Every structure is written in structure tokens, then in C-alpha cells.
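With PDB, C-alpha atoms inside, this is target.pdb:
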```
ATOM      1  CA  MET A  60       0.000   0.000   0.000
ATOM      2  CA  ASP A  61       1.297   3.446  -0.873
ATOM      3  CA  ALA A  62       2.272   5.732   1.969
ATOM      4  CA  GLU A  63       0.168   8.519   0.458
ATOM      5  CA  LYS A  64      -3.252   9.125   1.951
ATOM      6  CA  ILE A  65      -6.026   8.079  -0.414
ATOM      7  CA  PRO A  66      -9.383   9.759   0.282
ATOM      8  CA  LEU A  67     -12.543   7.840   1.103
ATOM      9  CA  THR A  68     -15.178   7.550  -1.579
ATOM     10  CA  GLU A  69     -18.706   8.745  -0.946
ATOM     11  CA  ALA A  70     -19.742   5.087  -0.581
ATOM     12  CA  ASP A  71     -17.008   4.447   2.018
ATOM     13  CA  THR A  72     -18.115   7.472   3.988
ATOM     14  CA  ALA A  73     -21.743   6.315   3.897
ATOM     15  CA  SER A  74     -20.889   2.794   5.057
ATOM     16  CA  TYR A  75     -18.465   3.906   7.793
ATOM     17  CA  ASP A  76     -19.292   2.760  11.303
ATOM     18  CA  SER A  77     -17.135   3.320  14.381
ATOM     19  CA  THR A  78     -18.164  -0.031  15.903
ATOM     20  CA  ALA A  79     -17.014  -1.828  12.757
ATOM     21  CA  GLN A  80     -13.709   0.054  12.914
ATOM     22  CA  MET A  81     -13.198  -0.965  16.542
ATOM     23  CA  LEU A  82     -13.945  -4.603  15.686
ATOM     24  CA  LYS A  83     -11.350  -4.509  12.874
ATOM     25  CA  ALA A  84      -8.757  -2.875  15.136
ATOM     26  CA  ALA A  85      -9.354  -5.405  17.924
ATOM     27  CA  MET A  86      -8.870  -8.373  15.570
ATOM     28  CA  ALA A  87      -5.099  -8.142  16.026
ATOM     29  CA  TYR A  88      -5.436  -8.829  19.771
ATOM     30  CA  VAL A  89      -7.620 -11.962  19.737
ATOM     31  CA  ASN A  90      -7.168 -15.532  18.570
ATOM     32  CA  PRO A  91      -7.604 -16.076  14.800
ATOM     33  CA  SER A  92     -10.999 -17.830  14.978
ATOM     34  CA  LEU A  93     -12.499 -14.985  17.041
ATOM     35  CA  GLY A  94     -10.767 -12.503  14.714
ATOM     36  CA  LYS A  95     -12.513 -14.039  11.699
ATOM     37  CA  MET A  96     -15.867 -13.715  13.422
ATOM     38  CA  MET A  97     -15.104 -10.069  14.300
ATOM     39  CA  ALA A  98     -14.159  -9.360  10.653
ATOM     40  CA  VAL A  99     -17.443 -10.829   9.423
ATOM     41  CA  MET A 100     -19.378  -8.790  11.998
ATOM     42  CA  ALA A 101     -17.570  -5.589  10.970
ATOM     43  CA  LYS A 102     -18.235  -6.177   7.279
ATOM     44  CA  SER A 103     -21.877  -7.038   7.886
ATOM     45  CA  ILE A 104     -22.338  -3.760   9.796
ATOM     46  CA  GLU A 105     -20.735  -1.865   6.884
ATOM     47  CA  LEU A 106     -22.910  -3.799   4.425
ATOM     48  CA  GLN A 107     -26.060  -2.802   6.337
ATOM     49  CA  HIS A 108     -25.030   0.859   6.152
ATOM     50  CA  MET A 109     -24.258   0.549   2.437
ATOM     51  CA  MET A 110     -27.645  -1.034   1.714
ATOM     52  CA  GLN A 111     -29.406   1.767   3.628
ATOM     53  CA  TYR A 112     -27.425   4.319   1.645
ATOM     54  CA  LEU A 113     -28.265   2.711  -1.695
ATOM     55  CA  ASN A 114     -31.937   2.383  -0.771
ATOM     56  CA  GLN A 115     -32.020   6.121  -0.078
ATOM     57  CA  GLY A 116     -30.847   7.006  -3.590
ATOM     58  CA  GLY A 117     -27.207   6.046  -3.534
ATOM     59  CA  ILE A 118     -24.410   7.628  -5.451
ATOM     60  CA  ARG A 119     -24.605   9.971  -8.401
ATOM     61  CA  ALA A 120     -21.351  10.934 -10.068
ATOM     62  CA  CYS A 121     -21.079  14.717  -9.919
ATOM     63  CA  GLY A 122     -24.845  14.935  -9.564
ATOM     64  CA  VAL A 123     -25.437  13.659 -13.104
ATOM     65  CA  SER A 124     -28.691  12.015 -13.920
ATOM     66  CA  ASN A 125     -28.915  10.524 -17.398
ATOM     67  CA  ARG A 126     -26.196  12.412 -19.239
ATOM     68  CA  SER A 127     -23.491  10.468 -20.968
ATOM     69  CA  ILE A 128     -20.224  10.638 -19.028
ATOM     70  CA  PRO A 129     -17.025  10.627 -21.089
ATOM     71  CA  PRO A 130     -14.654   7.794 -20.108
ATOM     72  CA  GLU A 131     -11.849  10.322 -19.593
ATOM     73  CA  GLU A 132     -13.908  12.054 -16.911
ATOM     74  CA  VAL A 133     -14.420   8.757 -15.113
ATOM     75  CA  LEU A 134     -10.703   7.893 -15.266
ATOM     76  CA  ARG A 135      -9.683  11.348 -13.989
ATOM     77  CA  ASP A 136     -12.101  10.957 -11.082
ATOM     78  CA  LEU A 137     -10.818   7.439 -10.290
ATOM     79  CA  ARG A 138      -7.234   8.769 -10.116
ATOM     80  CA  LYS A 139      -8.036  10.296  -6.694
ATOM     81  CA  TYR A 140      -8.441   6.824  -5.227
ATOM     82  CA  CYS A 141      -5.338   5.226  -6.737
ATOM     83  CA  GLY A 142      -1.818   4.604  -5.607
ATOM     84  CA  SER A 143       1.103   5.765  -7.747
ATOM     85  CA  LYS A 144       1.265   2.592  -9.896
ATOM     86  CA  GLU A 145      -2.444   2.700 -10.669
ATOM     87  CA  LYS A 146      -2.204   6.425 -11.448
ATOM     88  CA  GLU A 147       0.529   5.671 -13.999
ATOM     89  CA  GLN A 148      -1.701   3.063 -15.648
ATOM     90  CA  LEU A 149      -4.647   5.455 -15.766
ATOM     91  CA  ASP A 150      -2.401   8.184 -17.175
ATOM     92  CA  ARG A 151      -1.310   5.825 -19.953
ATOM     93  CA  CYS A 152      -4.947   5.091 -20.743
ATOM     94  CA  LEU A 153      -5.780   8.810 -20.754
ATOM     95  CA  ASN A 154      -2.823   9.518 -23.067
ATOM     96  CA  LEU A 155      -3.942   6.801 -25.472
ATOM     97  CA  MET A 156      -7.482   8.172 -25.430
ATOM     98  CA  ASN A 157      -6.152  11.670 -26.153
ATOM     99  CA  MET A 158      -4.044  10.290 -28.977
ATOM    100  CA  ALA A 159      -7.070   8.502 -30.463
ATOM    101  CA  LYS A 160      -9.136  11.691 -30.215
ATOM    102  CA  MET A 161      -6.418  13.693 -31.903
ATOM    103  CA  TYR A 162      -6.178  11.119 -34.687
ATOM    104  CA  GLU A 163      -9.939  11.316 -35.144
ATOM    105  CA  MET A 164      -9.705  15.127 -35.231
ATOM    106  CA  TYR A 165      -6.965  14.810 -37.818
ATOM    107  CA  ARG A 166      -9.058  12.472 -39.944
ATOM    108  CA  ASN A 167     -11.974  14.888 -39.780
ATOM    109  CA  PHE A 168      -9.643  17.803 -40.463
ATOM    110  CA  SER A 169      -7.853  16.288 -43.432
ATOM    111  CA  GLY A 170     -10.517  13.913 -44.728
ATOM    112  CA  SER A 171      -7.942  11.124 -44.688
ATOM    113  CA  GLY A 172      -6.859   8.360 -42.355
ATOM    114  CA  ASP A 173      -3.279   8.441 -43.662
ATOM    115  CA  LEU A 174      -0.928   8.631 -40.678
ATOM    116  CA  SER A 175       2.082   9.358 -42.882
ATOM    117  CA  ALA A 176       0.587  12.758 -43.728
ATOM    118  CA  MET A 177      -0.026  13.412 -40.037
ATOM    119  CA  ALA A 178       3.532  12.403 -39.132
ATOM    120  CA  SER A 179       4.923  14.583 -41.889
ATOM    121  CA  MET A 180       2.821  17.574 -40.825
ATOM    122  CA  MET A 181       3.779  17.086 -37.166
ATOM    123  CA  SER A 182       7.447  16.912 -38.130
ATOM    124  CA  SER A 183       7.232  20.068 -40.194
ATOM    125  CA  ALA A 184       5.242  21.824 -37.451
ATOM    126  CA  ALA A 185       8.020  21.000 -35.015
ATOM    127  CA  GLY A 186      10.685  21.978 -37.550
ATOM    128  CA  THR A 187      12.080  18.422 -37.527
ATOM    129  CA  GLY A 188      10.890  17.164 -40.904
ATOM    130  CA  SER A 189      12.887  14.411 -42.506
ATOM    131  CA  GLY A 190      14.723  16.372 -45.194
ATOM    132  CA  GLU A 191      11.812  18.795 -45.645
ATOM    133  CA  ALA A 192      11.767  22.484 -44.990
ATOM    134  CA  ALA A 193       9.393  23.397 -42.212
ATOM    135  CA  GLY A 194       6.004  24.318 -43.524
ATOM    136  CA  THR A 195       6.155  22.478 -46.858
ATOM    137  CA  SER A 196       3.702  19.793 -45.750
ATOM    138  CA  GLY A 197       0.794  22.125 -45.184
ATOM    139  CA  SER A 198      -0.369  25.652 -44.638
ATOM    140  CA  ALA A 199       0.610  27.809 -41.686
ATOM    141  CA  GLY A 200      -2.782  27.049 -40.122
ATOM    142  CA  ASP A 201      -2.156  23.326 -40.480
ATOM    143  CA  ASN A 202       1.236  23.677 -38.804
ATOM    144  CA  GLU A 203      -0.244  25.647 -35.903
ATOM    145  CA  TYR A 204      -2.947  22.997 -35.492
ATOM    146  CA  PHE A 205      -0.369  20.213 -35.358
ATOM    147  CA  ARG A 206       1.883  22.167 -32.995
ATOM    148  CA  LYS A 207      -1.057  22.317 -30.588
ATOM    149  CA  MET A 208      -1.741  18.612 -31.064
ATOM    150  CA  GLN A 209       1.929  17.813 -30.559
ATOM    151  CA  SER A 210       2.039  19.738 -27.287
ATOM    152  CA  MET A 211      -0.588  17.328 -25.903
ATOM    153  CA  LEU A 212       1.500  14.236 -26.670
ATOM    154  CA  THR A 213       4.450  12.703 -24.910
ATOM    155  CA  PRO A 214       7.698  12.369 -26.901
ATOM    156  CA  GLU A 215       7.099   8.606 -27.075
ATOM    157  CA  GLN A 216       3.666   9.112 -28.643
ATOM    158  CA  ILE A 217       5.083  11.562 -31.193
ATOM    159  CA  GLN A 218       7.771   9.049 -32.120
ATOM    160  CA  LEU A 219       5.124   6.314 -32.426
ATOM    161  CA  ILE A 220       3.131   8.441 -34.887
ATOM    162  CA  ARG A 221       6.300   9.168 -36.882
ATOM    163  CA  ASN A 222       7.199   5.460 -36.962
ATOM    164  CA  ILE A 223       3.728   4.503 -38.150
ATOM    165  CA  GLY A 224       3.856   7.236 -40.783
ATOM    166  CA  ASN A 225       7.253   6.004 -41.962
ATOM    167  CA  GLN A 226       5.938   2.438 -42.178
ATOM    168  CA  GLN A 227       3.016   3.598 -44.312
ATOM    169  CA  ASN A 228       5.447   5.333 -46.670
ATOM    170  CA  THR A 229       7.486   2.162 -47.232
TER     171      THR A 229
END
```
Could I get this structure in the form of C-alpha cells?
Amino acid sequence: MDAEKIPLTEADTASYDSTAQMLKAAMAYVNPSLGKMMAVMAKSIELQHMMQYLNQGGIRACGVSNRSIPPEEVLRDLRKYCGSKEKEQLDRCLNLMNMAKMYEMYRNFSGSGDLSAMASMMSSAAGTGSGEAAGTSGSAGDNEYFRKMQSMLTPEQIQLIRNIGNQQNT
């Protein structure tokens, strides 16, 4: 378990019971068979509280009713309850989602799914085109657009796009 303090969820707060906490703390001081019984009692108390909470309306994420919640919003909210390893995994997922969105924006923008054009435009926007002068792959507006897209990516993601673009050219 990480040393950092992870906050309680709304559900944890609703199911909290001081008696259950005392039972769990006391488990370390009794024989194992009595400790098991105390653990079951503590969890059943918490379960009762959770059922009462859910019967009274339960949890609503950010007060939403029937609106569609973007997956990125869910992942960003879940980050609060993660340790450092889990946060890294969620961050990777969020980066991949951002990359997919940017690719979709590119496809809509250019009317093409050709990643080699995207890689070329990103290279020229960054001034690192392979043998090309900056700006020859598109207009100044295109370059500005791809500079903004590039600023949202990690260097590894930029290299991945360039590699895919190079593979499509061969």
C-alpha cells in the first residue's frame, strides 16, 4: 500500500461505522478464529449501512442524472483513489485516449486516415521534418494545429506516430 493518503469515496463514507472500525482494530489482539468472526461482523455492519445508503438514492457521479459521461472524466475521477502505480496506468490510458481523439480530429480535419501525412505535418510543425523544410507539408494554419496537437502528446507518442507514418510510406 502506498504511503500517500487516499481519500474515502462517498460510498465508504456512507458505510463507515465506528463499531465496525473498533472490531477490525481489535482483531489483532484476539485468537484467529475470534478474529474471523469479528471481521465478518464488521463487514456485515458496513454492508447494512451501504444497503441503507443505496436504498435512499445512492451515489450519483457529480450529480449527473442521465447524461453520458465521457470515459476520460471517469478515469480522472478514479485517479483520486489510486496509488502511484495505478495512477501511472490510468495516465497511460488517458494519453492513449487523447491520442485517439487527436487522430480522429486529424481524420476529420484532413478527410484522410493516412498517418504518414499526419507524421509529416507534425514533423514540419516541429521543424524536424525528414529532409523537408518546415512548412512544406501544409499551410501555416495546419502547422499551428499540429503544434497544438503535438504539445498534448508525450515524446514517445510523437515518435510512435512518426514510426507509423514512416511504415506507411514504405
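Put simply, atom CA of A:Gln80 is 13.1 Å away from atom CA of A:Leu106.
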When you draw a straight line from atom CA of A:Leu155 to atom CA of A:Ile65, how long is it in Å?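 According to the coordinates, atom CA of A:Leu155 and atom CA of A:Ile65 are separated by 25.2 Å.
Applied to this file, the PyMOL selection byres ((chain A and resi 110-114) around 12) selects Glu69, Ala70, Asp71, Thr72, Ala73, Ser74, Tyr75, Ser103, Ile104, Glu105, Leu106, Gln107, His108, Met109, Gln115, Gly116, Gly117, Ile118 and Arg119 of chain A.
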Expressed in Å to a single decimal, how great is the separation between atom CA of A:Glu147 and atom CA of A:Arg135?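 Taking atom CA of A:Glu147 as the start and atom CA of A:Arg135 as the end point, the length is 11.7 Å.
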Nearest to A:Lys207 among A:Tyr165, A:Asn222, A:Glu132, A:Asn90, with distances taken over all atoms listed in the file: which residue is it?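 The shortest atom-to-atom distance to A:Lys207 comes from A:Tyr165.
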Would you compute, for all listed atoms of stretch 155-164 of chain A, the axis-aligned bounding box grown by 8 Å on each side, and then report its centre and edge lengths in Å rounded to one decimal, as lines of an AutoDock Vina configuration file?
```
center_x = -6.9
center_y = 11.0
center_z = -30.3
size_x = 22.0
size_y = 24.3
size_z = 25.8
```
Given the PyMOL selection byres ((chain A and resi 138) around 12), the residues it picks as a VMD selection string: chain A and resid 65 to 66 68 131 to 137 139 to 153
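Comparing the minimum interatomic distances between A:Ala98 and each of A:Asn225, A:Asn167, A:Thr78, A:Gln218, counting only C-alpha atoms, we find that A:Thr78 sits nearest.
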A:Ala87: which residues within 12 Å, counting all atoms listed in the file, same-chain residues fewer than 6 positions away excluded, as a list of chain:residue names?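 Residues meeting the cut-off are A:Met81, A:Leu93, A:Gly94, A:Lys95, A:Met97, A:Ala98.
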